Amino acid sequence: MSTSLKDKIVFVTGASSGIGAAAAMEFARHGAKLLLCARRLDRLQAMEAELRDAGAPDIFNFQLDVRDREAVHTTLGQLPEAWRAIDVLVNNAGLSRGLTKLYQDDIENWEEMIDTNVKGLLYVTRAIVPGMVERNHGHVINIGSIAGHTAYPNGGVYCATKAAERFLSDGLRIDLNGTAVRVTSIDPGMVETDFSRIRFRGDEERAAKTYQHIDPLQAEDIADAIVWAATRPPHVSIQTVVLTPTAQANPFVITRKS
Ligand code: NDP
Ligand code: 8X3
């Protein structure tokens, strides 16, 4: 029997856009209470009415930059009492910056990716998982990527952050063995979100080319996989889900329609 998400507390990082926003919507449809954070609080607030209409019984939005170790510690340590017993954590906040040969790349790009995708994920995990262990209940769902399985040209550091996510998920699962807390890594290929706009710093034309002449994954496809993993019965641990557009076999093998 599947696990009900009704009135469960689901915390999604980076919920203001793309996969995080779609995951929030899918969890809302399952009746979950939503704890949502991002840097753009206004975007979270703009989503609230729709999420309530979709079925979220309660929502708590807050601003958080996951790179800020102190802010993560303080904000998550001081959540209102009613929001502390988190059932599902979705570590989604992440980004890529640039597509450049590693030996020529801008070091600030590296730091932003590592600080967000690796250190940010770790800070949030460190703040939330002890409570899950104490309650012997919980599920951590990390958003990885096929980039963490296969490195591709000019993306070495982004790929390394997602390879780190993969091993952090494995390591955490090992350390949690013997508890009821589960860890899942959801590893998508190309998903049409703001991801490429952020990667190319607003260069719309270059971003659009990423998804040209293929039928890319949509954020809702990933949300579907996240919620599927979260609703498996307690004795089932979905360790990794790898999903790509049908037109994409791996980062290199992609068939475009023309
Ligand atoms: P979007 O750019 O649409 O969303 C990224 C989200 O992350 C935004 O809500 C953003 O919120 C948040 N975020 C970024 N930096 C921070 C930060 N420092 N603190 C808090 N929140 C932050 O991209 P996607 O939805 O595509 O990306 C979501 C995840 O999916 C990422 O981890 C990405 O690596 C991964 N992924 C994406 C794929 C794709 O092809 N799109 C494929 C595989 C994985 P805000 O700016 O408001 O803080
Ligand atoms: C994002 C997918 O292949 O563009 O993680 O790096 S890819």
# chains A, B, ... in the order shown; residues from 1 in each chain; ligands from 1

call {"tool": "residues_around", "arguments": {"residues": "region 243-246 of chain A", "least_positions_apart": "4", "cutoff": "9 Å", "atoms": "only C-alpha atoms", "output": "MDAnalysis selection string"}}
result
chainID A and resid 145:146 186:191 214:217 221:222 225 250 254

call {"tool": "write_last_selection", "arguments": {"atoms": "N, CA, C and O atoms", "output": "CSV table (one decimal), in the first residue's frame"}}
result
chain,number,residue,atom,x,y,z
A,145,SER,N,21.4,14.4,-11.2
A,145,SER,CA,21.3,14.7,-12.6
A,145,SER,C,22.1,13.6,-13.3
A,145,SER,O,22.9,12.9,-12.7
A,146,ILE,N,21.7,13.4,-14.6
A,146,ILE,CA,22.6,12.4,-15.4
A,146,ILE,C,24.0,13.0,-15.5
A,146,ILE,O,24.9,12.2,-15.8
A,186,ILE,N,17.0,11.6,-7.4
A,186,ILE,CA,16.3,11.7,-8.6
A,186,ILE,C,17.2,12.4,-9.6
A,186,ILE,O,17.6,13.5,-9.4
A,187,ASP,N,17.5,11.7,-10.7
A,187,ASP,CA,18.6,12.1,-11.6
A,187,ASP,C,18.1,12.4,-13.0
A,187,ASP,O,18.1,11.5,-13.9
A,188,PRO,N,17.6,13.6,-13.3
A,188,PRO,CA,17.1,13.8,-14.6
A,188,PRO,C,18.1,14.2,-15.7
A,188,PRO,O,19.2,14.7,-15.4
A,189,GLY,N,17.7,14.0,-16.9
A,189,GLY,CA,18.4,14.6,-18.1
A,189,GLY,C,17.8,15.9,-18.3
A,189,GLY,O,17.5,16.6,-17.4
A,190,MET,N,17.7,16.3,-19.6
A,190,MET,CA,17.2,17.7,-19.9
A,190,MET,C,15.8,18.0,-19.5
A,190,MET,O,14.9,17.3,-20.0
A,191,VAL,N,15.6,19.0,-18.7
A,191,VAL,CA,14.3,19.4,-18.2
A,191,VAL,C,14.2,20.9,-18.6
A,191,VAL,O,15.1,21.7,-18.3
A,214,ILE,N,13.8,18.9,-29.7
A,214,ILE,CA,13.5,17.6,-29.0
A,214,ILE,C,12.3,17.9,-28.1
A,214,ILE,O,11.9,19.0,-27.9
A,215,ASP,N,11.7,16.8,-27.6
A,215,ASP,CA,10.6,17.0,-26.6
A,215,ASP,C,11.2,16.8,-25.2
A,215,ASP,O,11.4,15.6,-24.8
A,216,PRO,N,11.7,17.9,-24.6
A,216,PRO,CA,12.4,17.7,-23.3
A,216,PRO,C,11.5,17.3,-22.2
A,216,PRO,O,10.2,17.4,-22.3
A,217,LEU,N,12.1,16.8,-21.1
A,217,LEU,CA,11.3,16.6,-19.9
A,217,LEU,C,10.7,18.0,-19.4
A,217,LEU,O,11.4,19.0,-19.7
A,221,ASP,N,7.2,16.3,-15.0
A,221,ASP,CA,7.7,14.9,-15.1
A,221,ASP,C,8.6,14.5,-13.9
A,221,ASP,O,8.5,13.4,-13.4
A,222,ILE,N,9.4,15.5,-13.5
A,222,ILE,CA,10.3,15.2,-12.3
A,222,ILE,C,9.5,15.2,-11.0
A,222,ILE,O,9.7,14.4,-10.2
A,225,ALA,N,8.0,11.9,-10.5
A,225,ALA,CA,9.0,10.9,-10.0
A,225,ALA,C,9.2,11.1,-8.5
A,225,ALA,O,9.3,10.2,-7.8
A,250,ASN,N,21.9,9.8,-23.3
A,250,ASN,CA,22.9,10.3,-22.3
A,250,ASN,C,23.3,11.7,-22.7
A,250,ASN,O,22.7,12.2,-23.7
A,254,ILE,N,21.7,12.5,-28.4
A,254,ILE,CA,20.4,13.2,-28.4
A,254,ILE,C,20.0,13.3,-29.9
A,254,ILE,O,20.8,13.7,-30.7

call {"tool": "select_by_dssp", "arguments": {"residues": "region 66-187 of chain A", "states": "helix (DSSP H, G or I)", "output": "PyMOL selection string"}}
result
chain A and resi 69-77+81-83+102-104+107-135+146-148+156-176

call {"tool": "residues_around", "arguments": {"residues": "Glu192 (chain A)", "least_positions_apart": "4", "cutoff": "10 Å", "atoms": "only C-alpha atoms", "output": "list in words"}}
result
Gly18, Ile19, Ser196, Arg197, Ala207, Ala208, Thr210, Tyr211, Asp215, Pro216, Leu217, Gln218 and Ala219 of chain A

call {"tool": "write_last_selection", "arguments": {"atoms": "N, CA and C atoms", "output": "short mmCIF file (atom, residue, chain, number, x, y, z; two decimals), in the first residue's frame"}}
result
data_model
loop_
_atom_site.label_atom_id
_atom_site.label_comp_id
_atom_site.auth_asym_id
_atom_site.auth_seq_id
_atom_site.Cartn_x
_atom_site.Cartn_y
_atom_site.Cartn_z
N GLY A 18 10.73 26.12 -11.63
CA GLY A 18 11.07 24.83 -12.23
C GLY A 18 10.63 23.60 -11.45
N ILE A 19 11.57 22.70 -11.24
CA ILE A 19 11.28 21.40 -10.61
C ILE A 19 10.75 21.59 -9.18
N SER A 196 18.71 26.58 -17.99
CA SER A 196 19.67 27.04 -19.01
C SER A 196 19.74 28.57 -19.06
N ARG A 197 18.63 29.23 -18.75
CA ARG A 197 18.65 30.72 -18.66
C ARG A 197 19.63 31.15 -17.58
N ALA A 207 19.88 29.67 -24.39
CA ALA A 207 19.13 28.77 -23.50
C ALA A 207 18.11 27.97 -24.30
N ALA A 208 17.41 28.64 -25.21
CA ALA A 208 16.36 27.98 -25.99
C ALA A 208 16.94 26.86 -26.86
N THR A 210 19.14 24.75 -26.20
CA THR A 210 19.32 23.51 -25.44
C THR A 210 18.17 22.55 -25.71
N TYR A 211 16.96 23.11 -25.82
CA TYR A 211 15.77 22.25 -25.89
C TYR A 211 15.17 22.24 -27.31
N ASP A 215 11.75 16.84 -27.56
CA ASP A 215 10.63 16.97 -26.64
C ASP A 215 11.24 16.77 -25.25
N PRO A 216 11.67 17.89 -24.60
CA PRO A 216 12.40 17.72 -23.33
C PRO A 216 11.47 17.29 -22.21
N LEU A 217 12.07 16.84 -21.12
CA LEU A 217 11.28 16.62 -19.91
C LEU A 217 10.74 17.96 -19.44
N GLN A 218 9.61 17.93 -18.77
CA GLN A 218 9.06 19.12 -18.14
C GLN A 218 9.20 18.95 -16.62
N ALA A 219 9.17 20.08 -15.92
CA ALA A 219 9.32 20.03 -14.46
C ALA A 219 8.30 19.07 -13.83
#

call {"tool": "closest_residue", "arguments": {"among": "A:Phe252, A:Phe195, A:Phe60, A:Tyr103", "to": "ligand 1", "atoms": "only C-alpha atoms and all ligand atoms"}}
result
A:Phe195

call {"tool": "residues_near_ligand", "arguments": {"ligand": "ligand 1", "cutoff": "8 Å", "atoms": "only C-alpha atoms and all ligand atoms", "output": "ChimeraX atom specification"}}
result
/A:13-21,37-41,43,63-68,91-96,115-117,120,143-147,162,187-198,217,219

call {"tool": "residues_around", "arguments": {"residues": "Thr125 (chain A)", "least_positions_apart": "6", "cutoff": "10 Å", "atoms": "only C-alpha atoms", "output": "JSON, numbers by chain"}}
result
{"A": [72, 89, 90, 91, 119, 140, 142, 172]}

call {"tool": "atom_distance", "arguments": {"atom1": "CA of Glu26 (chain A)", "atom2": "CA of Glu112 (chain A)"}}
result
28.7 Å

call {"tool": "closest_residue", "arguments": {"among": "A:Glu48, A:Glu111, A:Glu134, A:Asp87", "to": "Lys6 (chain A)", "atoms": "only C-alpha atoms"}}
result
A:Asp87

call {"tool": "closest_residue", "arguments": {"among": "A:Ile86, A:Val236, A:Leu102, A:Ala223", "to": "Phe11 (chain A)", "atoms": "only C-alpha atoms"}}
result
A:Ile86

call {"tool": "closest_residue", "arguments": {"among": "A:Thr150, A:Ser169, A:Thr179, A:Thr184", "to": "ligand 2", "atoms": "only C-alpha atoms and all ligand atoms"}}
result
A:Thr150

call {"tool": "select_by_dssp", "arguments": {"residues": "region 37-105 of chain A", "states": "strand (DSSP E)", "output": "list of chain:residue names"}}
result
A:Cys37, A:Ala38, A:Ile59, A:Phe60, A:Asn61, A:Phe62, A:Gln63, A:Val88, A:Leu89, A:Val90, A:Asn91

call {"tool": "write_last_selection", "arguments": {"atoms": "N, CA, C and O atoms", "output": "compact mmCIF listing (two decimals), in the first residue's frame"}}
result
# COMPACT_ATOMS: atom_id res chain seq x y z
N CYS A 37 11.15 27.11 0.54
CA CYS A 37 12.11 28.20 0.62
C CYS A 37 12.79 28.44 -0.72
O CYS A 37 12.80 27.57 -1.60
N ALA A 38 13.31 29.65 -0.86
CA ALA A 38 14.11 30.07 -2.01
C ALA A 38 14.64 31.46 -1.65
O ALA A 38 14.26 32.00 -0.61
N ILE A 59 0.71 26.21 4.38
CA ILE A 59 1.96 26.54 3.67
C ILE A 59 2.76 27.51 4.52
O ILE A 59 2.19 28.46 5.08
N PHE A 60 4.06 27.27 4.62
CA PHE A 60 4.94 28.22 5.29
C PHE A 60 6.10 28.53 4.35
O PHE A 60 6.91 27.66 4.05
N ASN A 61 6.11 29.77 3.84
CA ASN A 61 7.17 30.20 2.91
C ASN A 61 8.23 30.98 3.66
O ASN A 61 7.88 31.80 4.51
N PHE A 62 9.45 30.78 3.31
CA PHE A 62 10.48 31.65 3.89
C PHE A 62 11.66 31.79 2.93
O PHE A 62 11.90 30.94 2.09
N GLN A 63 12.34 32.93 3.14
CA GLN A 63 13.49 33.23 2.29
C GLN A 63 14.73 32.53 2.86
O GLN A 63 14.97 32.59 4.06
N VAL A 88 9.22 14.84 4.72
CA VAL A 88 9.95 14.68 3.44
C VAL A 88 10.76 15.94 3.19
O VAL A 88 10.22 17.06 3.24
N LEU A 89 12.05 15.77 2.94
CA LEU A 89 12.92 16.90 2.54
C LEU A 89 13.30 16.70 1.08
O LEU A 89 13.84 15.65 0.72
N VAL A 90 13.01 17.71 0.25
CA VAL A 90 13.45 17.66 -1.15
C VAL A 90 14.57 18.68 -1.32
O VAL A 90 14.33 19.89 -1.35
N ASN A 91 15.79 18.19 -1.41
CA ASN A 91 16.96 19.04 -1.64
C ASN A 91 17.06 19.30 -3.13
O ASN A 91 17.70 18.55 -3.88

call {"tool": "residues_around", "arguments": {"residues": "Ile238 (chain A)", "least_positions_apart": "3", "cutoff": "12 Å", "atoms": "only C-alpha atoms", "output": "ChimeraX atom specification"}}
result
/A:139-142,169-170,173,181-186,225-235,241-242

call {"tool": "atom_distance", "arguments": {"atom1": "CA of Arg97 (chain A)", "atom2": "CA of Asn109 (chain A)"}}
result
5.5 Å

call {"tool": "decode", "arguments": {"residues": "region 7-48 of chain A", "atoms": "C-alpha atoms", "output": "compact mmCIF listing (two decimals), in the first residue's frame"}}
result
# COMPACT_ATOMS: atom_id res chain seq x y z
CA ASP A 7 -1.06 16.39 6.21
CA LYS A 8 2.59 15.30 5.98
CA ILE A 9 5.15 18.12 6.19
CA VAL A 10 7.15 18.38 2.97
CA PHE A 11 10.09 20.79 2.77
CA VAL A 12 11.22 21.78 -0.73
CA THR A 13 14.31 23.93 -1.22
CA GLY A 14 14.42 26.09 -4.35
CA ALA A 15 10.64 25.98 -4.70
CA SER A 16 10.34 29.31 -6.52
CA SER A 17 10.84 27.90 -10.01
CA GLY A 18 11.07 24.83 -12.23
CA ILE A 19 11.28 21.40 -10.61
CA GLY A 20 10.89 22.73 -7.06
CA ALA A 21 7.73 24.67 -7.91
CA ALA A 22 6.26 21.69 -9.79
CA ALA A 23 7.11 19.37 -6.89
CA ALA A 24 5.35 21.75 -4.48
CA MET A 25 2.26 21.61 -6.71
CA GLU A 26 2.27 17.80 -6.91
CA PHE A 27 2.71 17.48 -3.13
CA ALA A 28 -0.15 19.99 -2.71
CA ARG A 29 -2.38 17.76 -4.85
CA HIS A 30 -1.57 14.92 -2.43
CA GLY A 31 -2.70 17.04 0.53
CA ALA A 32 0.76 17.71 2.01
CA LYS A 33 1.61 20.72 4.17
CA LEU A 34 4.30 22.71 2.38
CA LEU A 35 7.42 24.26 3.82
CA LEU A 36 8.95 26.16 0.92
CA CYS A 37 12.11 28.20 0.62
CA ALA A 38 14.11 30.07 -2.01
CA ARG A 39 15.88 33.40 -2.26
CA ARG A 40 12.95 34.92 -4.18
CA LEU A 41 10.29 35.03 -1.48
CA ASP A 42 7.96 37.08 -3.71
CA ARG A 43 7.74 34.16 -6.14
CA LEU A 44 6.87 31.75 -3.36
CA GLN A 45 4.18 34.12 -2.13
CA ALA A 46 2.76 34.44 -5.64
CA MET A 47 2.37 30.64 -5.82
CA GLU A 48 0.61 30.28 -2.48
